[in-house]
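J.: Handing over structure-v8.cif, mmCIF, C-alpha atoms.
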```cif
data_coords
loop_
_atom_site.group_PDB
_atom_site.id
_atom_site.type_symbol
_atom_site.label_atom_id
_atom_site.label_comp_id
_atom_site.auth_asym_id
_atom_site.auth_seq_id
_atom_site.Cartn_x
_atom_site.Cartn_y
_atom_site.Cartn_z
ATOM 1 C CA MET V 497 13.712 31.068 8.194
ATOM 2 C CA THR V 498 11.927 27.753 8.157
ATOM 3 C CA LYS V 499 13.475 24.650 6.693
ATOM 4 C CA GLU V 500 11.744 23.455 3.537
ATOM 5 C CA ARG V 501 10.054 20.105 3.956
ATOM 6 C CA LEU V 502 11.245 17.432 1.562
ATOM 7 C CA VAL V 503 8.871 16.440 -1.201
ATOM 8 C CA ARG V 504 7.792 12.884 -0.402
ATOM 9 C CA VAL V 505 7.500 10.706 -3.484
ATOM 10 C CA VAL V 506 6.343 7.109 -3.640
ATOM 11 C CA VAL V 507 7.181 5.024 -6.675
ATOM 12 C CA ALA V 508 5.610 1.796 -7.814
ATOM 13 C CA GLY V 509 5.840 -0.480 -10.799
ATOM 14 C CA VAL V 510 8.590 -1.989 -12.889
ATOM 15 C CA ASP V 511 11.988 -1.676 -11.166
ATOM 16 C CA ALA V 512 10.634 0.647 -8.504
ATOM 17 C CA PRO V 513 13.817 0.767 -6.374
ATOM 18 C CA SER V 514 15.794 2.191 -9.306
ATOM 19 C CA MET V 515 13.002 4.656 -9.956
ATOM 20 C CA ALA V 516 13.162 5.832 -6.363
ATOM 21 C CA GLN V 517 16.900 6.393 -6.633
ATOM 22 C CA LEU V 518 16.441 8.321 -9.880
ATOM 23 C CA ALA V 519 13.823 10.500 -8.223
ATOM 24 C CA MET V 520 16.111 11.316 -5.305
ATOM 25 C CA ASN V 521 19.011 12.051 -7.632
ATOM 26 C CA ALA V 522 16.814 14.349 -9.693
ATOM 27 C CA GLY V 523 15.562 16.095 -6.573
ATOM 28 C CA GLY V 524 18.946 17.436 -5.550
ATOM 29 C CA GLY V 525 18.332 16.916 -1.848
ATOM 30 C CA ARG V 526 14.790 18.284 -1.923
ATOM 31 C CA VAL V 527 13.080 14.941 -2.579
ATOM 32 C CA GLU V 528 12.816 11.728 -0.618
ATOM 33 C CA ALA V 529 11.495 8.708 -2.472
ATOM 34 C CA ALA V 530 10.455 5.206 -1.523
ATOM 35 C CA ALA V 531 9.653 2.162 -3.618
ATOM 36 C CA LEU V 532 6.380 0.619 -2.538
ATOM 37 C CA GLY V 533 3.576 -1.541 -3.793
ATOM 38 C CA ASP V 534 1.035 0.387 -5.819
ATOM 39 C CA MET V 535 -1.846 0.085 -3.369
ATOM 40 C CA GLN V 536 0.362 0.878 -0.370
ATOM 41 C CA GLY V 537 1.876 3.889 -2.113
ATOM 42 C CA ALA V 538 -1.456 5.307 -3.180
ATOM 43 C CA ARG V 539 -2.853 4.878 0.321
ATOM 44 C CA LEU V 540 0.062 6.840 1.779
ATOM 45 C CA ILE V 541 -0.818 9.675 -0.574
ATOM 46 C CA LYS V 542 -4.464 9.404 0.408
ATOM 47 C CA LYS V 543 -3.527 9.661 4.086
ATOM 48 C CA GLY V 544 -1.309 12.672 3.465
ATOM 49 C CA GLN V 545 1.852 10.782 4.354
ATOM 50 C CA ALA V 546 3.331 11.227 0.880
ATOM 51 C CA ASP V 547 2.981 13.977 -1.705
ATOM 52 C CA TYR V 548 3.398 12.469 -5.171
ATOM 53 C CA TYR V 549 3.074 9.055 -6.786
ATOM 54 C CA LEU V 550 5.061 7.830 -9.780
ATOM 55 C CA GLY V 551 4.001 4.612 -11.466
ATOM 56 C CA THR V 552 5.345 2.650 -14.383
ATOM 57 C CA CYS V 553 4.286 -0.312 -16.400
ATOM 58 C CA TRP V 554 5.488 -1.546 -19.751
ATOM 59 C CA SER V 555 2.637 -0.019 -21.707
ATOM 60 C CA GLY V 556 2.046 3.025 -19.545
ATOM 61 C CA GLY V 557 -1.569 2.544 -20.457
ATOM 62 C CA GLY V 558 -3.366 1.566 -17.313
ATOM 63 C CA GLY V 559 -1.431 -0.663 -14.965
ATOM 64 C CA ALA V 560 0.910 2.158 -13.999
ATOM 65 C CA LEU V 561 -1.887 4.127 -12.401
ATOM 66 C CA ALA V 562 -4.690 1.615 -11.870
ATOM 67 C CA ALA V 563 -4.362 1.412 -8.092
ATOM 68 C CA ALA V 564 -3.751 5.147 -7.771
ATOM 69 C CA THR V 565 -6.816 5.865 -9.890
ATOM 70 C CA ALA V 566 -8.939 3.598 -7.732
ATOM 71 C CA ILE V 567 -7.679 5.017 -4.443
ATOM 72 C CA LEU V 568 -7.126 8.697 -5.304
ATOM 73 C CA GLY V 569 -9.652 9.259 -8.088
ATOM 74 C CA ALA V 570 -9.170 9.917 -11.786
ATOM 75 C CA ASN V 571 -8.904 13.695 -11.369
ATOM 76 C CA LEU V 572 -5.668 13.378 -9.389
ATOM 77 C CA VAL V 573 -3.818 11.068 -11.767
ATOM 78 C CA GLY V 574 -2.385 11.509 -15.223
ATOM 79 C CA ILE V 575 -0.665 9.322 -17.791
ATOM 80 C CA VAL V 576 2.259 11.400 -19.068
ATOM 81 C CA GLY V 577 4.051 8.862 -21.255
ATOM 82 C CA THR V 578 3.303 5.760 -23.282
ATOM 83 C CA PRO V 579 5.322 4.048 -26.030
ATOM 84 C CA GLY V 580 3.433 6.209 -28.520
ATOM 85 C CA MET V 581 3.557 9.429 -26.494
ATOM 86 C CA PHE V 582 6.846 10.597 -25.054
ATOM 87 C CA VAL V 583 6.985 12.366 -21.707
ATOM 88 C CA THR V 584 7.461 16.101 -22.246
ATOM 89 C CA GLU V 585 7.971 19.026 -19.905
ATOM 90 C CA GLU V 586 4.859 20.701 -21.250
ATOM 91 C CA ARG V 587 2.657 17.664 -20.629
ATOM 92 C CA VAL V 588 3.975 17.179 -17.116
ATOM 93 C CA ARG V 589 3.738 20.912 -16.331
ATOM 94 C CA THR V 590 0.112 20.908 -17.398
ATOM 95 C CA ALA V 591 -0.665 17.859 -15.290
ATOM 96 C CA VAL V 592 1.085 19.268 -12.223
ATOM 97 C CA GLY V 593 -0.635 22.611 -12.725
ATOM 98 C CA GLU V 594 -4.002 20.871 -12.829
ATOM 99 C CA GLY V 595 -3.305 19.545 -9.365
ATOM 100 C CA ARG V 596 -2.580 15.997 -10.396
ATOM 101 C CA ILE V 597 -0.349 14.179 -7.929
ATOM 102 C CA ALA V 598 0.062 10.716 -9.480
ATOM 103 C CA PHE V 599 1.869 10.272 -12.774
ATOM 104 C CA GLY V 600 2.162 7.190 -14.919
ATOM 105 C CA PHE V 601 4.504 6.464 -17.787
ATOM 106 C CA ALA V 602 6.005 3.619 -19.777
ATOM 107 C CA TYR V 603 8.935 1.886 -18.139
ATOM 108 C CA GLU V 604 11.142 2.439 -21.187
ATOM 109 C CA GLN V 605 10.901 6.217 -20.596
ATOM 110 C CA THR V 606 11.895 6.063 -16.941
ATOM 111 C CA ALA V 607 15.357 7.606 -17.298
ATOM 112 C CA ALA V 608 14.013 10.639 -19.139
ATOM 113 C CA ALA V 609 10.633 10.909 -17.451
ATOM 114 C CA ILE V 610 11.598 10.997 -13.795
ATOM 115 C CA PRO V 611 13.933 14.031 -13.982
ATOM 116 C CA ILE V 612 11.287 15.928 -15.946
ATOM 117 C CA ILE V 613 8.536 15.080 -13.478
ATOM 118 C CA ILE V 614 10.644 15.906 -10.418
ATOM 119 C CA ARG V 615 11.807 19.178 -11.971
ATOM 120 C CA GLU V 616 8.231 20.221 -12.717
ATOM 121 C CA ILE V 617 7.033 19.239 -9.236
ATOM 122 C CA LEU V 618 9.786 21.335 -7.647
ATOM 123 C CA ALA V 619 9.125 24.257 -9.984
ATOM 124 C CA HIS V 620 5.438 24.069 -9.091
ATOM 125 C CA ARG V 621 6.269 24.050 -5.397
ATOM 126 C CA ASP V 622 8.627 26.996 -5.831
ATOM 127 C CA ALA V 623 5.956 28.928 -7.702
ATOM 128 C CA LEU V 624 3.428 28.273 -4.960
ATOM 129 C CA SER V 625 5.781 29.317 -2.172
ATOM 130 C CA GLY V 626 6.834 32.368 -4.180
ATOM 131 C CA GLY V 627 3.226 33.329 -4.566
ATOM 132 C CA LYS V 628 2.679 33.174 -0.822
ATOM 133 C CA ASP V 629 5.508 35.605 -0.247
ATOM 134 C CA ASP V 630 4.018 38.242 -2.551
ATOM 135 C CA MET A 988 -3.301 -31.007 -15.292
ATOM 136 C CA THR A 989 -6.735 -32.019 -14.014
ATOM 137 C CA ASP A 990 -9.930 -30.018 -13.820
ATOM 138 C CA SER A 991 -9.824 -30.208 -10.031
ATOM 139 C CA SER A 992 -6.273 -28.845 -9.836
ATOM 140 C CA LEU A 993 -7.266 -25.979 -12.111
ATOM 141 C CA THR A 994 -10.341 -25.292 -9.991
ATOM 142 C CA SER A 995 -8.214 -25.306 -6.869
ATOM 143 C CA ALA A 996 -5.648 -22.965 -8.436
ATOM 144 C CA HIS A 997 -8.441 -20.660 -9.555
ATOM 145 C CA ALA A 998 -9.912 -20.464 -6.060
ATOM 146 C CA GLN A 999 -6.529 -19.786 -4.477
ATOM 147 C CA LEU A 1000 -5.662 -17.068 -6.967
ATOM 148 C CA ALA A 1001 -9.072 -15.425 -6.687
ATOM 149 C CA ALA A 1002 -8.575 -15.255 -2.926
ATOM 150 C CA GLU A 1003 -4.972 -13.998 -3.180
ATOM 151 C CA PHE A 1004 -5.890 -11.109 -5.450
ATOM 152 C CA VAL A 1005 -9.408 -10.374 -4.205
ATOM 153 C CA GLU A 1006 -8.512 -6.982 -2.692
ATOM 154 C CA ARG A 1007 -6.738 -5.817 -5.847
ATOM 155 C CA LEU A 1008 -9.402 -7.052 -8.229
ATOM 156 C CA ASP A 1009 -12.210 -5.684 -6.035
ATOM 157 C CA LEU A 1010 -10.507 -2.282 -6.068
ATOM 158 C CA LEU A 1011 -10.121 -2.300 -9.841
ATOM 159 C CA GLU A 1012 -13.629 -3.541 -10.531
ATOM 160 C CA GLU A 1013 -15.339 -1.266 -8.010
ATOM 161 C CA SER A 1014 -13.548 1.762 -9.455
ATOM 162 C CA GLY A 1015 -14.848 0.874 -12.902
ATOM 163 C CA GLN A 1016 -11.424 0.220 -14.380
ATOM 164 C CA VAL A 1017 -12.010 -3.480 -14.866
ATOM 165 C CA THR A 1018 -15.154 -5.170 -16.116
ATOM 166 C CA ASN A 1019 -16.605 -8.156 -14.334
ATOM 167 C CA LEU A 1020 -15.945 -10.349 -17.362
ATOM 168 C CA ALA A 1021 -12.316 -9.219 -17.500
ATOM 169 C CA ARG A 1022 -11.951 -9.876 -13.794
ATOM 170 C CA ARG A 1023 -13.290 -13.409 -14.110
ATOM 171 C CA LEU A 1024 -11.109 -14.006 -17.145
ATOM 172 C CA THR A 1025 -8.088 -12.679 -15.269
ATOM 173 C CA GLU A 1026 -8.637 -15.247 -12.536
ATOM 174 C CA LEU A 1027 -9.038 -18.036 -15.083
ATOM 175 C CA CYS A 1028 -5.976 -16.959 -17.070
ATOM 176 C CA LEU A 1029 -3.883 -16.803 -13.915
ATOM 177 C CA ALA A 1030 -4.947 -20.335 -13.020
ATOM 178 C CA ASP A 1031 -4.038 -21.573 -16.490
ATOM 179 C CA LEU A 1032 -0.663 -19.828 -16.478
ATOM 180 C CA THR A 1033 0.312 -20.972 -13.000
ATOM 181 C CA THR A 1034 -0.438 -24.580 -13.851
ATOM 182 C CA ALA A 1035 1.170 -24.387 -17.295
ATOM 183 C CA LEU A 1036 4.358 -22.730 -16.042
ATOM 184 C CA ASN A 1037 4.389 -24.094 -12.493
ATOM 185 C CA LEU A 1038 4.344 -20.666 -10.911
ATOM 186 C CA THR A 1039 3.324 -19.494 -7.488
ATOM 187 C CA LEU A 1040 1.684 -16.110 -7.782
ATOM 188 C CA THR A 1041 1.224 -13.856 -4.789
ATOM 189 C CA GLU A 1042 0.446 -10.217 -4.162
ATOM 190 C CA ASP A 1043 4.165 -9.715 -3.489
ATOM 191 C CA ASN A 1044 5.499 -11.114 -6.740
ATOM 192 C CA ALA A 1045 2.647 -10.744 -9.204
ATOM 193 C CA ALA A 1046 0.704 -7.591 -8.377
ATOM 194 C CA GLN A 1047 1.877 -5.741 -11.494
ATOM 195 C CA PHE A 1048 1.152 -8.673 -13.753
ATOM 196 C CA VAL A 1049 -2.331 -9.208 -12.349
ATOM 197 C CA THR A 1050 -3.190 -5.532 -12.653
ATOM 198 C CA HIS A 1051 -1.845 -5.388 -16.171
ATOM 199 C CA LEU A 1052 -3.767 -8.501 -17.195
ATOM 200 C CA ALA A 1053 -7.058 -7.227 -15.780
ATOM 201 C CA ILE A 1054 -6.678 -3.807 -17.391
ATOM 202 C CA ALA A 1055 -5.633 -5.327 -20.733
ATOM 203 C CA LEU A 1056 -8.543 -7.765 -20.783
ATOM 204 C CA THR A 1057 -10.864 -4.862 -19.999
ATOM 205 C CA ARG A 1058 -9.458 -2.868 -22.935
ATOM 206 C CA ILE A 1059 -10.199 -5.818 -25.201
ATOM 207 C CA ASN A 1060 -13.598 -6.444 -23.609
ATOM 208 C CA ARG A 1061 -14.602 -2.833 -24.165
ATOM 209 C CA GLY A 1062 -13.262 -2.728 -27.707
ATOM 210 C CA ASP A 1063 -10.824 0.079 -26.937
ATOM 211 C CA PRO A 1064 -8.278 1.040 -29.615
ATOM 212 C CA GLU A 1065 -5.302 -1.290 -29.875
ATOM 213 C CA ILE A 1066 -2.482 -0.223 -27.607
ATOM 214 C CA VAL A 1067 0.754 0.894 -29.266
ATOM 215 C CA MET A 1068 3.410 -1.806 -29.438
ATOM 216 C CA SER A 1069 6.663 -1.087 -27.641
ATOM 217 C CA ALA A 1070 9.773 -2.073 -29.587
ATOM 218 C CA VAL A 1071 11.623 -2.233 -26.282
ATOM 219 C CA ALA A 1072 9.114 -4.708 -24.846
ATOM 220 C CA ALA A 1073 9.153 -6.786 -28.023
ATOM 221 C CA GLU A 1074 12.944 -6.941 -27.903
ATOM 222 C CA GLU A 1075 12.818 -7.868 -24.237
ATOM 223 C CA ILE A 1076 10.808 -11.035 -24.932
ATOM 224 C CA ALA A 1077 12.395 -11.980 -28.249
ATOM 225 C CA ASP A 1078 13.866 -15.182 -26.804
ATOM 226 C CA ARG A 1079 11.065 -16.012 -24.386
ATOM 227 C CA LYS A 1080 9.155 -18.548 -26.472
ATOM 228 C CA ARG A 1081 7.936 -20.549 -23.504
ATOM 229 C CA GLU A 1082 6.224 -17.629 -21.797
ATOM 230 C CA HIS A 1083 5.016 -16.163 -25.102
ATOM 231 C CA ASN A 1084 3.472 -19.481 -26.109
ATOM 232 C CA ALA A 1085 1.799 -19.862 -22.735
ATOM 233 C CA VAL A 1086 0.267 -16.383 -22.936
ATOM 234 C CA THR A 1087 -0.785 -16.900 -26.552
ATOM 235 C CA SER A 1088 -2.512 -20.160 -25.667
ATOM 236 C CA VAL A 1089 -4.356 -18.653 -22.711
ATOM 237 C CA MET A 1090 -5.410 -15.630 -24.776
ATOM 238 C CA ARG A 1091 -6.720 -17.907 -27.517
ATOM 239 C CA ASP A 1092 -9.196 -19.261 -24.975
ATOM 240 C CA ALA A 1093 -9.937 -15.803 -23.597
ATOM 241 C CA SER A 1094 -10.646 -14.383 -27.031
ATOM 242 C CA ARG A 1095 -13.478 -16.871 -27.500
ATOM 243 C CA LEU A 1096 -15.146 -15.665 -24.309
ATOM 244 C CA LEU A 1097 -14.451 -12.028 -25.139
ATOM 245 C CA GLN A 1098 -15.601 -12.586 -28.725
ATOM 246 C CA ARG A 1099 -12.708 -10.387 -29.817
ATOM 247 C CA GLU A 1100 -9.228 -11.020 -31.104
ATOM 248 C CA VAL A 1101 -6.400 -10.311 -28.677
ATOM 249 C CA PRO A 1102 -3.895 -8.088 -30.517
ATOM 250 C CA ASP A 1103 -0.231 -9.054 -30.707
ATOM 251 C CA SER A 1104 0.690 -5.880 -28.834
ATOM 252 C CA GLU A 1105 -1.398 -6.986 -25.844
ATOM 253 C CA ILE A 1106 0.185 -10.448 -25.912
ATOM 254 C CA THR A 1107 3.615 -8.826 -25.984
ATOM 255 C CA TYR A 1108 2.901 -6.659 -22.954
ATOM 256 C CA MET A 1109 1.372 -9.565 -21.026
ATOM 257 C CA THR A 1110 4.417 -11.683 -21.844
ATOM 258 C CA VAL A 1111 6.951 -9.091 -20.775
ATOM 259 C CA HIS A 1112 5.166 -8.656 -17.451
ATOM 260 C CA LEU A 1113 5.003 -12.429 -17.027
ATOM 261 C CA CYS A 1114 8.708 -12.777 -17.812
ATOM 262 C CA GLY A 1115 9.486 -10.162 -15.186
ATOM 263 C CA LEU A 1116 7.773 -12.126 -12.471
ATOM 264 C CA VAL A 1117 9.193 -15.454 -13.680
ATOM 265 C CA ASP A 1118 12.687 -13.976 -13.548
ATOM 266 C CA ASN A 1119 12.129 -12.435 -10.132
ATOM 267 C CA GLU A 1120 10.587 -15.577 -8.729
ATOM 268 C CA GLY A 1121 13.369 -17.739 -10.082
ATOM 269 C CA GLY A 1122 11.261 -20.761 -9.362
ATOM 270 C CA SER A 1123 9.667 -21.572 -12.651
ATOM 271 C CA SER A 1124 9.858 -25.090 -13.887
ATOM 272 C CA SER A 1125 11.747 -25.980 -16.995
#
```
Rewrite the coordinates I just gave you, this time as structure tokens.

T.:
Amino acid sequence: MTKERLVRVVVAGVDAPSMAQLAMNAGGGRVEAAALGDMQGARLIKKGQADYYLGTCWSGGGGALAAATAILGANLVGIVGTPGMFVTEERVRTAVGEGRIAFGFAYEQTAAAIPIIIREILAHRDALSGGKDD
Amino acid sequence: MTDSSLTSAHAQLAAEFVERLDLLEESGQVTNLARRLTELCLADLTTALNLTLTEDNAAQFVTHLAIALTRINRGDPEIVMSAVAAEEIADRKREHNAVTSVMRDASRLLQREVPDSEITYMTVHLCGLVDNEGGSSS
């Protein structure tokens, strides 16, 4: 039996250290998270040294994912929450299922958004590993 | 504030954030006009509020400003106001006035009004870096 590798998450944006702690708490020991600058975090993803990127800004409408979009490409990023659009499991599940690996949302939704995103990432990973066993 | 001090501040800020602004402009997320306006607005704000802006303390603000100015430049739909953000800056007249003044100038160059929601978001980002820096003048 091989040990499951931790999901490596980088977080950037408003109050990133608290976001990182929330992500680790939500991951239940399956997630490691680090607060980094947006360009540094996105470059780690690009180099394969991290798996997922979470970004916040106050509006959720651009700044949260601007560096990630530039470095990773628009097809790998997704805004999942803005002040006018609350983060939902369905929206995150769709984005994760599409292969997106960088998620942006409004800072005011952080407490609700991060557990949803981490849960959906882990469920996606479980589904993929389950599929391999079939 | 003299023209030469503003010019000097502009040059320093353009150099400090060149990598970030290049990345945003080259990826098509920021227009050239918005980029140039971002640099000018940063120079105005740093001189008006006696701030020192660096990649370490102001990256989020600079990115937000460039993206917001691009939204306005492109005539995108007005962004939804956040009640939380508005509440956050309710007592921050100094920063709000500084942003409003700078955006008044920017709107002439953009030939578009800058919505209150955009000014609110710019102000809340600015307040965040002012608070973190802890070195703003009175």

J.: Near chain V, meaning an atom within 8 Å, which residues of chain A appear when counting only C-alpha atoms? Write them as a ChimeraX atom specification.

T.: /A:1007,1010-1011,1014,1016,1047,1050-1051,1054,1066-1069,1071-1072,1108,1111-1112

J.: Could you name the residues that touch Cys1028 (chain A) at 12 Å or less, counting all atoms listed in the file, but leaving out those on the same chain fewer than 4 positions away, as an NGL selection string?

T.: :A and (993-994 or 996-997 or 1000-1001 or 1020-1024 or 1032-1036 or 1048-1049 or 1052-1053 or 1056 or 1085-1094 or 1096 or 1109 or 1113)

J.: Please measure the separation of CA of Arg1081 (chain A) and CA of Ser1104 (chain A), giving the value in Å to one decimal.

T.: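 Those two atoms sit 17.2 Å apart.
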
J.: Write out as a PyMOL selection string each polymer residue whose atoms come within 9 Å of Arg539 (chain V), counting all atoms listed in the file; drop sequence neighbours fewer than 5 positions from it.

T.: chain V and resi 534+544-546+564+567-568

J.: Kindly indicate which residue among V:Val507, V:Ala530, V:Gly524, V:Ala512 lies nearest to Arg615 (chain V), using only C-alpha atoms for the distances.

T.: V:Gly524

J.: Given the file shown, determine the residues that the PyMOL selection byres ((chain V and resi 616) around 8) selects; report them as a count of residues only.

T.: 12

J.: Go through V:Leu540, V:Val573, V:Val583, V:Ala609 one by one, measure the shortest atom-to-atom distance of each to Ile597 (chain V) using all atoms listed in the file, and give the residue with the smallest value.

T.: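 Once distances to Ile597 (chain V) are computed over all atoms listed in the file, the minimum belongs to V:Val573.
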
J.: Can you translate the PyMOL selection byres ((chain A and resi 1059) around 9) into the concrete residues it hits in this file, as a VMD selection string?

T.: chain A and resid 1021 1054 to 1058 1060 to 1065 1094 1097 1099 to 1102 1105

J.: To one decimal place, how far is CA of Leu1027 (chain A) from CA of Ala1046 (chain A) in Å?

T.: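 One can read the CA of Leu1027 (chain A) to CA of Ala1046 (chain A) distance as 15.8 Å.
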
J.: I need the output of the PyMOL selection byres ((chain A and resi 1116) around 10) for this file as number ranges by chain; which residues are they?

T.: A: 1038-1040, 1043-1048, 1110-1115, 1117-1123

J.: What's the separation between CA of Leu572 (chain V) and CA of Met520 (chain V), in Å to one decimal place?

T.: 22.3 Å

J.: Around region 1103-1109 of chain A, fit a box with edges along x, y and z, padding it by 3 Å on each side, then list its centre and edge lengths in Å to one decimal as JSON.

T.:
```
{"center_x": 1.1, "center_y": -8.2, "center_z": -25.9, "size_x": 11.0, "size_y": 10.6, "size_z": 15.7}
```

J.: Looking at V:Gly574, V:Gly523, V:Pro611, V:Arg501, which one is nearest to Gly551 (chain V), with distances taken over only C-alpha atoms?

T.: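 The closest residue to Gly551 (chain V) is V:Gly574.
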
J.: Write only C-alpha atoms for region 595-625 of chain V from the block just shown, as an mmCIF file, in the first residue's frame.

T.:
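Wrote part.cif, looks like this:
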```
data_model
loop_
_atom_site.group_PDB
_atom_site.id
_atom_site.type_symbol
_atom_site.label_atom_id
_atom_site.label_comp_id
_atom_site.auth_asym_id
_atom_site.auth_seq_id
_atom_site.Cartn_x
_atom_site.Cartn_y
_atom_site.Cartn_z
ATOM 1 C CA GLY V 595 -9.436 20.387 -15.035
ATOM 2 C CA ARG V 596 -9.111 23.863 -13.627
ATOM 3 C CA ILE V 597 -6.446 24.117 -10.944
ATOM 4 C CA ALA V 598 -6.588 27.781 -9.885
ATOM 5 C CA PHE V 599 -9.663 29.188 -8.190
ATOM 6 C CA GLY V 600 -10.480 32.770 -7.356
ATOM 7 C CA PHE V 601 -13.127 34.166 -5.058
ATOM 8 C CA ALA V 602 -14.048 37.261 -3.089
ATOM 9 C CA TYR V 603 -12.264 37.649 0.218
ATOM 10 C CA GLU V 604 -15.549 37.990 2.106
ATOM 11 C CA GLN V 605 -16.426 34.399 1.101
ATOM 12 C CA THR V 606 -13.154 32.895 2.283
ATOM 13 C CA ALA V 607 -14.519 31.047 5.318
ATOM 14 C CA ALA V 608 -17.193 29.295 3.274
ATOM 15 C CA ALA V 609 -15.316 28.965 0.001
ATOM 16 C CA ILE V 610 -12.132 27.248 1.103
ATOM 17 C CA PRO V 611 -13.769 24.188 2.732
ATOM 18 C CA ILE V 612 -15.950 23.734 -0.349
ATOM 19 C CA ILE V 613 -13.013 23.985 -2.734
ATOM 20 C CA ILE V 614 -10.804 21.645 -0.701
ATOM 21 C CA ARG V 615 -13.630 19.125 -0.334
ATOM 22 C CA GLU V 616 -14.250 19.111 -4.082
ATOM 23 C CA ILE V 617 -10.536 18.804 -4.872
ATOM 24 C CA LEU V 618 -10.243 15.801 -2.551
ATOM 25 C CA ALA V 619 -13.416 14.229 -3.929
ATOM 26 C CA HIS V 620 -12.051 14.683 -7.444
ATOM 27 C CA ARG V 621 -8.773 13.071 -6.448
ATOM 28 C CA ASP V 622 -10.604 10.184 -4.791
ATOM 29 C CA ALA V 623 -12.711 9.666 -7.899
ATOM 30 C CA LEU V 624 -9.627 9.595 -10.093
ATOM 31 C CA SER V 625 -7.782 7.125 -7.880
#
```
